[in-house]
Structure formats: structure tokens, C-alpha cells
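Participant: work16.tsv is the file, holding TSV, C-alpha atoms and all ligand atoms:
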chain	number	residue	atom	x	y	z
A	1	MET	CA	7.59	12.65	11.94
A	2	ILE	CA	6.14	10.85	8.92
A	3	GLY	CA	2.65	9.45	9.60
A	4	VAL	CA	1.77	6.31	7.65
A	5	PHE	CA	-1.52	4.44	7.73
A	6	ASP	CA	-3.15	1.36	6.28
A	7	SER	CA	-6.07	-0.88	7.18
A	8	GLY	CA	-3.65	-3.41	8.66
A	9	ILE	CA	-0.29	-4.87	7.91
A	10	GLY	CA	0.13	-3.98	4.22
A	11	GLY	CA	1.33	-0.43	4.81
A	12	LEU	CA	4.38	-1.86	6.55
A	13	THR	CA	5.77	-2.55	3.07
A	14	VAL	CA	5.86	1.25	2.69
A	15	VAL	CA	7.40	1.65	6.17
A	16	ARG	CA	10.11	-0.85	5.18
A	17	ALA	CA	10.90	1.22	2.07
A	18	LEU	CA	10.95	4.49	4.08
A	19	MET	CA	13.33	2.94	6.63
A	20	GLN	CA	15.57	1.91	3.77
A	21	GLU	CA	15.49	5.21	1.83
A	22	ILE	CA	15.29	7.80	4.61
A	23	PRO	CA	16.31	5.96	7.77
A	24	SER	CA	16.86	9.02	9.96
A	25	TYR	CA	13.23	10.21	9.85
A	26	THR	CA	10.89	9.12	12.61
A	27	ILE	CA	7.81	7.19	11.52
A	28	ALA	CA	4.47	6.76	13.25
A	29	TYR	CA	2.47	3.88	11.77
A	30	PHE	CA	-1.19	3.24	12.28
A	31	GLY	CA	-2.69	-0.10	11.21
A	32	ASP	CA	-6.46	-0.09	11.57
A	33	THR	CA	-6.61	-3.78	12.44
A	34	ALA	CA	-9.96	-3.52	14.22
A	35	ARG	CA	-11.66	-2.32	11.04
A	36	THR	CA	-9.70	-4.19	8.37
A	37	PRO	CA	-10.33	-4.92	5.52
A	38	TYR	CA	-11.08	-1.56	3.91
A	39	GLY	CA	-11.26	-3.12	0.45
A	40	SER	CA	-14.74	-4.53	0.86
A	41	LYS	CA	-16.24	-1.40	2.52
A	42	SER	CA	-18.16	1.37	0.79
A	43	ARG	CA	-16.35	4.50	-0.44
A	44	GLN	CA	-18.07	6.61	2.26
A	45	THR	CA	-16.86	4.33	5.04
A	46	VAL	CA	-13.29	4.24	3.69
A	47	ILE	CA	-13.29	8.06	3.52
A	48	GLN	CA	-14.48	8.31	7.12
A	49	TYR	CA	-11.80	5.84	8.31
A	50	ALA	CA	-9.07	7.65	6.34
A	51	LEU	CA	-10.07	10.98	7.92
A	52	GLU	CA	-9.94	9.45	11.42
A	53	ASP	CA	-6.62	7.69	10.77
A	54	SER	CA	-5.01	10.93	9.50
A	55	GLU	CA	-6.39	12.93	12.40
A	56	PHE	CA	-4.82	10.46	14.83
A	57	LEU	CA	-1.43	10.65	13.09
A	58	MET	CA	-1.54	14.43	13.01
A	59	LYS	CA	-2.16	14.45	16.78
A	60	GLN	CA	0.92	12.26	17.18
A	61	GLY	CA	2.94	15.00	15.49
A	62	ALA	CA	3.01	13.86	11.86
A	63	LYS	CA	4.10	16.59	9.44
A	64	ILE	CA	3.50	14.41	6.38
A	65	ILE	CA	0.78	11.79	5.86
A	66	VAL	CA	1.35	8.73	3.70
A	67	ILE	CA	-1.77	6.82	2.68
A	68	ALA	CA	-0.10	3.41	2.50
A	69	CYS	CA	-3.28	1.78	1.28
A	70	ASN	CA	-4.50	1.71	-2.31
A	71	THR	CA	-8.12	1.45	-1.23
A	72	ALA	CA	-7.91	4.60	0.89
A	73	SER	CA	-5.73	6.33	-1.74
A	74	SER	CA	-8.37	5.71	-4.40
A	75	ALA	CA	-11.30	6.86	-2.23
A	76	ALA	CA	-9.91	9.56	0.02
A	77	THR	CA	-6.81	11.35	-1.33
A	78	GLU	CA	-8.64	14.49	-2.46
A	79	ILE	CA	-10.71	14.71	0.69
A	80	LEU	CA	-7.65	14.34	2.91
A	81	MET	CA	-5.89	17.05	0.90
A	82	GLU	CA	-8.86	19.36	1.44
A	83	ASN	CA	-9.11	18.61	5.17
A	84	PHE	CA	-5.49	18.52	6.38
A	85	PRO	CA	-2.93	21.30	6.10
A	86	LEU	CA	-0.16	18.74	5.51
A	87	PRO	CA	1.51	17.21	2.45
A	88	ILE	CA	-0.39	14.00	1.63
A	89	PHE	CA	1.23	11.17	-0.34
A	90	GLU	CA	-0.69	8.33	-1.95
A	91	VAL	CA	0.51	5.04	-3.44
A	92	ILE	CA	-1.30	4.90	-6.79
A	93	SER	CA	0.45	7.55	-8.93
A	94	PRO	CA	3.99	6.26	-8.23
A	95	ALA	CA	2.90	2.72	-9.22
A	96	VAL	CA	1.31	4.00	-12.43
A	97	GLU	CA	4.41	6.00	-13.39
A	98	LEU	CA	6.69	3.02	-12.77
A	99	ALA	CA	4.42	0.63	-14.68
A	100	VAL	CA	4.22	2.85	-17.76
A	101	GLN	CA	8.01	3.35	-17.72
A	102	SER	CA	8.74	-0.34	-17.48
A	103	SER	CA	6.06	-1.82	-19.78
A	104	LYS	CA	7.39	-2.38	-23.31
A	105	ARG	CA	4.10	-3.49	-24.92
A	106	LEU	CA	1.83	-1.43	-22.67
A	107	ARG	CA	-0.17	-4.48	-21.67
A	108	ILE	CA	-0.60	-3.81	-18.00
A	109	GLY	CA	-2.40	-5.91	-15.40
A	110	VAL	CA	-3.66	-4.51	-12.11
A	111	ILE	CA	-4.64	-6.51	-9.05
A	112	GLY	CA	-6.20	-4.91	-6.00
A	113	THR	CA	-9.06	-4.99	-3.55
A	114	ARG	CA	-12.65	-4.88	-4.78
A	115	ALA	CA	-12.95	-1.19	-3.88
A	116	THR	CA	-9.73	-0.18	-5.65
A	117	ILE	CA	-10.55	-2.09	-8.83
A	118	ALA	CA	-14.18	-0.83	-8.84
A	119	SER	CA	-12.93	2.77	-8.55
A	120	GLY	CA	-11.26	2.43	-11.99
A	121	ILE	CA	-8.50	4.73	-10.76
A	122	TYR	CA	-5.61	2.70	-12.19
A	123	GLU	CA	-7.08	2.60	-15.72
A	124	LYS	CA	-7.80	6.32	-15.55
A	125	LYS	CA	-4.32	7.28	-14.39
A	126	ILE	CA	-2.55	4.89	-16.79
A	127	ARG	CA	-4.54	6.23	-19.78
A	128	GLU	CA	-3.75	9.81	-18.78
A	129	ILE	CA	-0.07	9.18	-19.42
A	130	ALA	CA	-0.28	6.29	-21.92
A	131	PRO	CA	-3.54	6.53	-23.89
A	132	ARG	CA	-2.70	3.45	-25.99
A	133	ALA	CA	-2.18	1.19	-22.98
A	134	LYS	CA	-4.30	-1.92	-22.55
A	135	VAL	CA	-5.22	-2.30	-18.91
A	136	TYR	CA	-6.66	-5.49	-17.41
A	137	SER	CA	-7.85	-5.39	-13.81
A	138	VAL	CA	-8.75	-8.21	-11.43
A	139	PRO	CA	-10.05	-7.83	-7.85
A	140	CYS	CA	-8.42	-10.30	-5.45
A	141	PRO	CA	-10.48	-9.98	-2.23
A	142	LEU	CA	-9.14	-13.14	-0.57
A	143	LEU	CA	-5.49	-12.08	-0.57
A	144	VAL	CA	-5.69	-9.47	2.23
A	145	PRO	CA	-7.16	-11.86	4.83
A	146	LEU	CA	-4.59	-14.51	3.84
A	147	VAL	CA	-1.75	-12.04	4.45
A	148	GLU	CA	-3.27	-10.77	7.70
A	149	GLU	CA	-3.49	-14.41	8.83
A	150	GLY	CA	0.16	-14.95	7.95
A	151	TRP	CA	-0.70	-17.63	5.37
A	152	LEU	CA	2.27	-16.57	3.31
A	153	ASN	CA	3.49	-19.90	2.08
A	154	LYS	CA	0.52	-22.25	2.15
A	155	SER	CA	-0.59	-24.35	-0.78
A	156	GLU	CA	-4.10	-22.83	-0.47
A	157	THR	CA	-2.63	-19.34	-0.91
A	158	ARG	CA	-0.67	-20.46	-3.99
A	159	MET	CA	-3.82	-22.00	-5.46
A	160	ILE	CA	-5.90	-18.86	-4.91
A	161	VAL	CA	-3.19	-16.61	-6.40
A	162	LYS	CA	-3.03	-18.89	-9.44
A	163	LYS	CA	-6.79	-18.69	-9.93
A	164	TYR	CA	-6.85	-14.90	-9.67
A	165	LEU	CA	-3.95	-14.47	-12.10
A	166	HIS	CA	-5.26	-16.87	-14.73
A	167	PRO	CA	-7.22	-14.23	-16.74
A	168	LEU	CA	-4.20	-11.90	-16.72
A	169	LYS	CA	-1.95	-14.66	-18.05
A	170	GLU	CA	-4.36	-15.15	-20.93
A	171	LYS	CA	-4.13	-11.43	-21.77
A	172	GLN	CA	-0.35	-11.73	-22.04
A	173	ILE	CA	0.43	-8.77	-19.85
A	174	ASP	CA	4.09	-7.76	-19.54
A	175	THR	CA	3.69	-5.71	-16.35
A	176	LEU	CA	1.60	-6.33	-13.25
A	177	ILE	CA	0.81	-3.62	-10.72
A	178	LEU	CA	0.48	-4.89	-7.15
A	179	GLY	CA	-2.36	-2.48	-6.44
A	180	CYS	CA	-2.66	-3.28	-2.75
A	181	THR	CA	0.08	-2.73	-0.20
A	182	HIS	CA	-0.50	-6.22	1.21
A	183	TYR	CA	0.48	-7.92	-2.05
A	184	PRO	CA	4.27	-7.31	-2.02
A	185	ILE	CA	4.26	-9.67	0.97
A	186	LEU	CA	3.14	-12.38	-1.51
A	187	LYS	CA	5.53	-11.19	-4.24
A	188	ASP	CA	7.37	-14.50	-4.69
A	189	ILE	CA	4.18	-16.51	-5.13
A	190	ILE	CA	2.71	-13.89	-7.49
A	191	GLN	CA	5.89	-13.78	-9.60
A	192	HIS	CA	5.98	-17.56	-9.78
A	193	LYS	CA	2.34	-17.84	-10.87
A	194	ILE	CA	2.32	-14.97	-13.40
A	195	GLY	CA	5.69	-15.99	-14.88
A	196	LYS	CA	9.14	-14.48	-14.66
A	197	ARG	CA	8.80	-12.40	-17.85
A	198	VAL	CA	6.17	-10.18	-16.21
A	199	THR	CA	7.55	-7.19	-14.29
A	200	LEU	CA	5.90	-6.72	-10.90
A	201	ILE	CA	5.31	-3.14	-9.79
A	202	ASP	CA	5.41	-2.46	-6.06
A	203	SER	CA	4.97	1.24	-5.37
A	204	SER	CA	6.56	1.27	-1.90
A	205	LEU	CA	10.09	2.22	-3.01
A	206	ALA	CA	8.75	4.77	-5.49
A	207	VAL	CA	6.67	6.42	-2.74
A	208	ALA	CA	9.67	6.50	-0.40
A	209	ASN	CA	11.76	8.16	-3.11
A	210	LYS	CA	9.04	10.75	-3.78
A	211	ILE	CA	9.06	11.64	-0.08
A	212	LYS	CA	12.86	11.79	-0.03
A	213	ASN	CA	12.87	14.26	-2.94
A	214	PHE	CA	10.06	16.25	-1.39
A	215	LEU	CA	12.00	16.66	1.86
A	216	ARG	CA	15.11	17.68	-0.04
A	217	THR	CA	13.21	20.41	-1.88
A	218	HIS	CA	11.05	21.60	1.05
A	219	PRO	CA	13.48	22.65	3.79
A	220	ALA	CA	10.75	24.48	5.72
A	221	ILE	CA	8.95	21.18	6.35
A	222	ASN	CA	12.13	19.17	6.60
A	223	THR	CA	13.44	21.19	9.54
A	224	THR	CA	10.23	20.59	11.52
A	225	MET	CA	10.52	16.79	11.23
A	226	ILE	CA	11.48	14.72	14.26
A	227	LYS	CA	14.52	12.64	13.40
A	228	ASP	CA	16.44	9.82	14.99
A	229	SER	CA	13.83	8.58	17.42
A	230	ALA	CA	12.46	5.05	17.10
A	231	ALA	CA	9.43	4.34	14.92
A	232	LYS	CA	6.10	3.96	16.71
A	233	PHE	CA	3.55	1.35	15.75
A	234	PHE	CA	-0.09	1.82	16.66
A	235	VAL	CA	-2.93	-0.57	15.92
A	236	SER	CA	-6.63	-0.47	16.70
A	237	ASP	CA	-6.59	-4.15	17.75
A	238	VAL	CA	-3.51	-6.02	18.95
A	239	THR	CA	-3.27	-9.59	17.74
A	240	PRO	CA	-0.31	-11.93	18.14
A	241	GLN	CA	-0.54	-12.70	14.43
A	242	PHE	CA	-0.09	-9.05	13.45
A	243	GLU	CA	2.95	-8.76	15.69
A	244	LYS	CA	4.51	-11.89	14.26
A	245	THR	CA	3.97	-10.94	10.60
A	246	ALA	CA	5.07	-7.34	11.23
A	247	GLN	CA	8.32	-8.42	12.87
A	248	ALA	CA	9.06	-10.89	10.08
A	249	LEU	CA	8.44	-8.17	7.51
A	250	LEU	CA	10.54	-5.46	9.16
A	251	LYS	CA	13.11	-7.96	10.43
A	252	LYS	CA	13.14	-6.47	13.90
A	253	GLN	CA	11.35	-6.52	17.21
A	254	ILE	CA	8.56	-3.98	17.40
A	255	ARG	CA	6.25	-2.95	20.19
A	256	LEU	CA	2.61	-2.43	19.27
A	257	GLU	CA	0.55	0.20	21.02
A	258	SER	CA	-3.15	-0.37	21.05
A	259	ILE	CA	-5.37	2.68	20.53
A	260	ARG	CA	-9.10	3.33	20.11
A	261	LEU	CA	-10.08	5.95	17.57
B	1	LIG	N1	-3.62	-2.72	1.95
B	1	LIG	C1	-4.77	-2.08	1.47
B	1	LIG	C2	-4.68	-1.61	0.05
B	1	LIG	O1	-3.59	-1.28	-0.38
B	1	LIG	C3	-6.12	-2.57	1.78
B	1	LIG	C4	-6.40	-3.87	2.29
B	1	LIG	C5	-7.82	-3.90	2.80
B	1	LIG	O2	-8.01	-3.44	3.90
B	1	LIG	O3	-8.71	-4.36	2.11
B	1	LIG	O4	-5.67	-1.52	-0.63
Please go through the file and, once you have read it, give me the structure as C-alpha cells.
Ligand code: DGL
Facilitator:
Amino acid sequence: MIGVFDSGIGGLTVVRALMQEIPSYTIAYFGDTARTPYGSKSRQTVIQYALEDSEFLMKQGAKIIVIACNTASSAATEILMENFPLPIFEVISPAVELAVQSSKRLRIGVIGTRATIASGIYEKKIREIAPRAKVYSVPCPLLVPLVEEGWLNKSETRMIVKKYLHPLKEKQIDTLILGCTHYPILKDIIQHKIGKRVTLIDSSLAVANKIKNFLRTHPAINTTMIKDSAAKFFVSDVTPQFEKTAQALLKKQIRLESIRL
């Protein structure tokens, strides 16, 4: 079983990619809807939540943990690696690798939650592999609540996206990293507002491919994985809105199980 967690609905973009790339592996998803958003919490709090989320998934039988949240990836990857005897995958490195490969002029924009942008992790990782890159980062704290509310095609959402992207347009970026797993859900609006010449980087497919390769090259773990049973979706607070957005995103009926951590 592959355990995937996020603060809410955003990590389902990673689940969608996993279902597409490695459909026979069972997934357990945990969306921490009672404590979302993570992006405006302190690093210490995000670390504590990430430890609890991983613990829960491990108890469900996860043999691999995917941190499908940039905020938790930036704050807690190392600590999770130290605390859990499982392979841990995060969403930042695959996005950075893809962005550097696809950017011709190395003018890269990053949008994310306040916590992710304040951590400086994208700049650091981009410069490690492309020291000449110019990186421009903008926190977009209002986008997560808009997605969680299902305001995916409202004029207010388009207006807010436009305002956030304005400084990046002025910097003439050629590549934009969607540094929050909620943002691919707004991909069309973001592409429209930043312009079609800018390549959008969504790490979900890259993460799924990393896991696929990992399983191919680690038969000892691969053979312990539960396959061919339906995905399970756990949330810490069931809301009709979550269910609706999740089903629209995954294009299928899902049953949410409510749990208390
Ligand atoms: N989807 C998450 C991320 O990738 C976080 C959203 C939030 O809880 O603030 O950062």
C-alpha cells in the first residue's frame, strides 16, 4: 500500500497521477481537512502534523509514504526520514528537476503557500542544480481556501490569480512551478493569466514516475505491497464540499472515512 497525505484536497492531484502511472497499487490517502491549511502554520506545527499523518498511514499498512504537500515536504521531509523506517517521497525535488530541464532562459517563477515560500527551499534546490538560474517566488495564501471551497471557476478566483501572478509576469519568467499540490486544480486559470508561453510545472506525474521506478528497482519492497484492492480515502473532517471536489478531480465515486488523529 502507498500512503499519501496532504492537508486537504491538493494531494489528490498526486493520487490521480499514481492511479494513472501505477494503477495496480493500492493507495491509502489521508487529507487532514480538520487542520487545513498547513501553509499558514508554523514549521513546528507542520512537522508535528506530518509525523501524525505518517504514523496513521503506517498503521494502515503503508510501505511507502508520499508527502503530497509542498508545505509538509519543505518542513518535515528530513524528520520523517529519521523517524520512519519506510521510503519517503516528497514533491519538491521532482518539480525542481522538471523546471530546470524545461526552462530555456532559466527564469523560473515559484508559487506556493506562505510557509513553502518562506522556507526558501525551491530557490535552494534550483540553485544547487542550476546556479545561474533566476528564481522569483510569490506566496499565494488565498488559493488553497478557494480550491477547498470548490471555487474553481469563479471570477473572484480569476481576479486573485491575476493579482498574484502580476509580479511574475513582469519578471518575464518562462517556467512556473506550481509549488502547492492544490494549484494544479487551478491550472487552466493560472495558464491563462500567466500566458501560454510559460511552461507550468506540476510535480504530480514526476513523483508518480519516481515511485514507479523505485518499485521496479526495489523488489523486496515491491513484493510486500498490497495490490488490486480499492483506494481508501480518510479525512479528519468530512465535508460535502470535499467529497464533491474530490470526486470531480478523480472522476469517480469515492467513499470518505472520517478519522480522529
Ligand atoms: N497542498 C499543500 C501544499 O502543497 C498545502 C496547502 C495548505 O494546507 O496550506 O503546500
Participant: Which of these residues is nearest to ligand LIG 1 (chain B), using all atoms listed in the file: A:Arg105, A:Lys124, A:Arg114, A:Lys169?
Facilitator: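 Comparing A:Arg105, A:Lys124, A:Arg114, A:Lys169 against ligand LIG 1 (chain B), the winner is A:Arg114.
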Participant: With the cut-off set at 10 Å and counting all atoms listed in the file, tabulate each residue of chain A with an atom at most that distance from an atom of ligand LIG 1 (chain B), showing the nearest atom pair and its distance in Å to one decimal, ordered by chain and increasing number, as CSV.
Facilitator:
residue,atom,partner,partner_atom,distance
A:Phe5,CA,B:LIG1,N1,9.4
A:Asp6,CA,B:LIG1,N1,6.0
A:Ser7,CA,B:LIG1,O2,4.6
A:Gly8,CA,B:LIG1,O2,6.5
A:Ile9,CA,B:LIG1,N1,7.2
A:Gly10,CA,B:LIG1,N1,4.6
A:Gly11,CA,B:LIG1,N1,6.2
A:Leu12,CA,B:LIG1,N1,9.3
A:Thr13,CA,B:LIG1,N1,9.5
A:Gly31,CA,B:LIG1,O2,9.6
A:Asp32,CA,B:LIG1,O2,8.5
A:Thr33,CA,B:LIG1,O2,8.7
A:Arg35,CA,B:LIG1,O2,8.1
A:Thr36,CA,B:LIG1,O2,4.8
A:Pro37,CA,B:LIG1,O2,3.2
A:Tyr38,CA,B:LIG1,O2,3.6
A:Gly39,CA,B:LIG1,O3,3.3
A:Ser40,CA,B:LIG1,O3,6.2
A:Lys41,CA,B:LIG1,O3,8.1
A:Val46,CA,B:LIG1,O2,9.3
A:Ile67,CA,B:LIG1,O1,8.8
A:Ala68,CA,B:LIG1,O1,6.5
A:Cys69,CA,B:LIG1,O1,3.5
A:Asn70,CA,B:LIG1,O1,3.7
A:Thr71,CA,B:LIG1,O4,3.9
A:Ala72,CA,B:LIG1,O4,6.7
A:Ser73,CA,B:LIG1,O4,7.9
A:Ser74,CA,B:LIG1,O4,8.6
A:Val91,CA,B:LIG1,O1,8.1
A:Ile92,CA,B:LIG1,O1,9.2
A:Ile111,CA,B:LIG1,O4,9.8
A:Gly112,CA,B:LIG1,O4,6.4
A:Thr113,CA,B:LIG1,O4,5.7
A:Arg114,CA,B:LIG1,O3,8.0
A:Ala115,CA,B:LIG1,O4,8.0
A:Thr116,CA,B:LIG1,O4,6.6
A:Ile117,CA,B:LIG1,O4,9.6
A:Cys140,CA,B:LIG1,O3,9.6
A:Pro141,CA,B:LIG1,O3,7.3
A:Leu142,CA,B:LIG1,O3,9.2
A:Leu143,CA,B:LIG1,C4,8.7
A:Val144,CA,B:LIG1,C4,5.6
A:Pro145,CA,B:LIG1,O3,8.1
A:Val147,CA,B:LIG1,C4,9.6
A:Glu148,CA,B:LIG1,C4,9.3
A:Leu178,CA,B:LIG1,O1,8.7
A:Gly179,CA,B:LIG1,O1,6.3
A:Cys180,CA,B:LIG1,O1,3.2
A:Thr181,CA,B:LIG1,O1,4.0
A:His182,CA,B:LIG1,N1,4.7
A:Tyr183,CA,B:LIG1,N1,7.7
A:Pro184,CA,B:LIG1,N1,10.0
Participant: Quote the spacing between atom CA of Thr245 of chain A and atom CA of Gly109 of chain A in Å to one decimal place.
Facilitator: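 Separating atom CA of Thr245 of chain A from atom CA of Gly109 of chain A is a distance of 27.2 Å.
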Participant: Show which residues sit within 9 Å of segment 17-19 of chain A, as a ChimeraX atom specification. Count only C-alpha atoms, and ignore same-chain residues fewer than 5 positions away.
Facilitator: /A:12,24-27,204-209,211-212
Participant: Give me the residues near segment 50-58 of chain A as a list of chain:residue names, where near means some atom within 8 Å (using all atoms listed in the file) and where sequence neighbours in that chain fewer than 5 positions away do not count.
Facilitator: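 Skipping anything fewer than 5 positions along the chain leaves A:Gly3, A:Val4, A:Phe5, A:Ala28, A:Tyr29, A:Phe30, A:Asp32, A:Lys63, A:Ile65, A:Ala72, A:Ala76, A:Leu80, A:Leu261.
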Participant: So the first atom is atom CA of Val14 of chain A and the second is atom CA of Gln253 of chain A; what is the distance between them in Å, to one decimal place?
Facilitator: 17.4 Å
